[in-house]
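Novice: Take this structure, written in structure tokens, and hold onto it; I'll ask about it next.
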Amino acid sequence: MKLDPFDKVVKKRSAIPSLILGAAGLLGLIVAIFFWLVGEMEKPQVVIAGDISHIGLTKQLSFVVSDAKSGVRSIEIAMVQENKKALLLERIYPRSGYFSGAGPHTIEETIEVTPKVLGFKDGAGQLVVTVSDFSWWNWLRGNVTVHASALVVDTKPPAISVTDSPQYIKGGGAGVVIYRVNEPVGKHGVVVNDVFYPGFPLPKRGEGVYGACMGLPHDIAKIEQAFVSVADLAGNEGKAPFSMNLHVRKVVSDKLTISDGFLSAKMPEFAGHYPELSGTLVEQYITVNNDVRQANYKKIQEVCTKFQPERLWDGRFSRMAASSPRAGFADHRTYLYNGESIDQQVHLGVDLASLQHAKVEAANRGLVVFAEYLGIYGNTVILDHGQGIFSLYSHLSQIDVSVGSMVEKDSVVGLSGTTGMAGGDHLHFSILVNGIFVDPVEWWDEEWLKLHMLSVL
């Protein structure tokens, strides 16, 4: 059957819109692909490190700007206060292509902000970071991120008043300093010579009142400087000096004989924990008594770096029941082998002896922060009593508490023993203030605690 010429014309005309629609669809697809490649709508990211809510005389500002697709085109950082604006940073990056990665994907920088130099006064302001990328979106202007952060310019140091401080203190002794600050604080505490004792809030004594517990080293010979140090939220530091009368501690000496029997009994224990030990038994002993001792002390200081800000203890610290002293605090020991001196150390605790495997009880309420083997101390438990006060129990034959548990006063933490550098069954007991060993005798004295600690805290 032959087609009518009119029908042929109709079919040709009806095919034209289809061709047009097909071309339009292809063009739309091309445009979509193009904008998918260069017209993405993902905004750049801005991350500012640290707290910038307060800025003092100077501030190091670290930031990271990123754009994972088209890349960063420009960065502008400005500080604004009322009608004043200061440009802190301006970066414009050249286009390196027309698709993904036309600019850098990540930029990290640190700039210094000095408000007074820039003409800003103390008070509220803003830090504004504006970043654009190389996207063809937004009529070729790209995606723009504006990151605004409120801040306070504060260039004045905090005002500090010392309300309580010890009049007398001895080497190996402890005390408390109380101080008041007129604004919110950052890092704060007490400095004696080169030792920093961190402070803690005392809300019951009023707003802006803080305390810091000090423990002086047993061998301190002179107080060269003593002051409260406070940095406010902007980093401005204020200092308030105070004075104390120091009683230098008298040196008590002792001699200990190291026998072959002791070395044969103890060195295998240490070799099991420190396989790097080498040499004769005497040489191994000297290594343990020096290098291992120092490593143990560093670990104790590390454990005592953080403490509970509230006071967990109350009343005098208990002494091991039915015990007698075997060695005192800060005794200077000379170790003899075959009649000759092979080493010297200082005994930083009190040795208490009772029955074999006697119950060792918590001297006061506290949080268990250490419960494991510790070199010369053997099996050891350390309790955090809050506000920088710690107690240590060592040479235990058995540990009956675990880290993270709260123990009440006189509850059992373990059994006495001979682990570590112990020649006989006993408890080595220590008190530490912010990692400094102090004399436990003070903490067993109820009158001393009331006068020097509790009445102030």
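Identifiers in this document derive from the order of the structure tokens: chains are assigned A, B, ..., residues are numbered from 1 separately in each chain, and ligands are numbered from 1 in order of occurrence.
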Can you check which residues of stretch 103-312 of chain A DSSP gives as strand (DSSP E or B) on the backbone and send them as an NGL selection string?
Specialist: :A and (106-113 or 123-133 or 144-153 or 160-164 or 168-170 or 174-181 or 185-192 or 195-198 or 200-201 or 209-215 or 226-232 or 237-241 or 245-247 or 252-257)
Novice: Please provide the set of residues having any atom within 10 Å of A:Gly420, restricted to only C-alpha atoms, with same-chain residues fewer than 4 positions apart removed, written as a count of residues only.
Specialist: 17
Novice: Taking 6 positions as the minimum chain separation for residues in the same chain, which residues sit within 10 Å of A:Asp254 when counting only C-alpha atoms? Answer as a VMD selection string.
Specialist: chain A and resid 327 to 328 331 to 335 344 346 to 347
Novice: At a cut-off of 10 Å, using only C-alpha atoms, what residues contact A:Phe227? Leave out same-chain residues fewer than 3 positions from it and give the result as a list in words.
Specialist: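 Selected residues are Val162, Val177, Gly189, Val190, Val191, Val192, Asn193, Phe196, Val230, Gly238, Lys239, Ala240, Pro241, Phe242 and Ser243 of chain A.
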Novice: If we count only C-alpha atoms, what is near stretch 215-218 of chain A at a cut-off of 7 Å, once residues fewer than 6 positions away on the same chain are taken out, given as number ranges by chain?
Specialist: A: 171-175, 249, 330, 433, 436-438
Novice: Using C-alpha atoms, can you write the selected residues to a file as a CSV table (one decimal), in the first residue's frame?
Specialist:
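Dumped to again-v9.csv:
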```
chain,number,residue,atom,x,y,z
A,171,GLY,CA,61.1,21.0,104.6
A,172,GLY,CA,58.9,18.0,103.8
A,173,GLY,CA,56.0,19.9,105.4
A,174,ALA,CA,52.7,20.9,103.9
A,175,GLY,CA,50.4,24.0,103.9
A,249,ARG,CA,64.8,19.8,108.1
A,330,ALA,CA,63.7,11.6,104.7
A,433,VAL,CA,51.1,16.8,97.8
A,436,ILE,CA,56.0,15.9,96.3
A,437,PHE,CA,56.7,13.4,99.1
A,438,VAL,CA,55.9,15.0,102.5
```
Novice: Do a neighbour search on A:Phe134 at 8 Å with only C-alpha atoms, toss out local chain neighbours closer than 3 positions, and write the hits as a ChimeraX atom specification.
Specialist: /A:38,70-73,95,102-103,141-143
Novice: If you measure from atom CA of A:Thr130 to atom CA of A:Asp154, what distance in Å do you get, rounded to one decimal?
Specialist: 24.4 Å
Novice: Hey, can you check how far atom CA of A:Tyr179 sits from atom CA of A:Glu446?
Specialist: 24.8 Å
Novice: Identify which of the residues A:Trp448, A:Phe262, A:Trp136, A:Phe317 lies closest to A:Lys409, counting only C-alpha atoms when measuring atom-to-atom distances.
Specialist: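 Smallest separation from A:Lys409 among the options: A:Phe317.
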Novice: If we count only C-alpha atoms and set the cut-off at 7 Å, which residues sit around A:Leu151, ignoring sequence neighbours fewer than 5 positions away in its own chain? Please answer as a PyMOL selection string.
Specialist: chain A and resi 52-54+124-126
Novice: Store the residues of this selection in a file with N, CA and C atoms, as a compact mmCIF listing (two decimals), in the first residue's frame.
Specialist:
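Dumped to again33.txt:
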```
# COMPACT_ATOMS: atom_id res chain seq x y z
N ILE A 52 38.98 30.97 71.50
CA ILE A 52 39.26 32.35 71.12
C ILE A 52 38.22 33.30 71.72
N SER A 53 37.51 32.83 72.75
CA SER A 53 36.47 33.68 73.35
C SER A 53 37.06 34.88 74.05
N HIS A 54 38.34 34.79 74.47
CA HIS A 54 39.01 35.91 75.12
C HIS A 54 40.38 36.11 74.48
N ALA A 124 33.71 43.74 74.05
CA ALA A 124 33.21 42.72 73.14
C ALA A 124 33.58 43.03 71.70
N GLY A 125 33.74 41.98 70.92
CA GLY A 125 34.04 42.11 69.50
C GLY A 125 33.73 40.83 68.77
N GLN A 126 34.19 40.74 67.54
CA GLN A 126 33.98 39.56 66.71
C GLN A 126 35.21 39.26 65.89
```
Novice: Give me, as a ChimeraX atom specification, the residues of stretch 155-331 of chain A that a backbone DSSP run labels helix (DSSP H, G or I).
Specialist: /A:203-205,260-273,281-303
Novice: Would you please work out which residue, of A:Ile92, A:Leu202, A:Cys304, A:Val146, is nearest to A:Ile431 when using only C-alpha atoms?
Specialist: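 Ranked by minimum distance to A:Ile431, first place goes to A:Cys304.
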Novice: Would you compute the distance between atom CA of A:Ile258 and atom CA of A:Tyr297? Give it in Å to one decimal.
Specialist: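 Separation between atom CA of A:Ile258 and atom CA of A:Tyr297: 22.3 Å.
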Novice: With only C-alpha atoms as the basis for distance, which of A:Gly186, A:Gly235, A:Gly97, A:Pro201 is at the shortest distance from A:Val153?
Specialist: A:Gly235
Novice: A:Leu415, A:Ser341, A:Ala226, A:Cys213: which is nearest A:Phe390, counting only C-alpha atoms?
Specialist: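 Under the stated criterion, the closest residue is A:Cys213.
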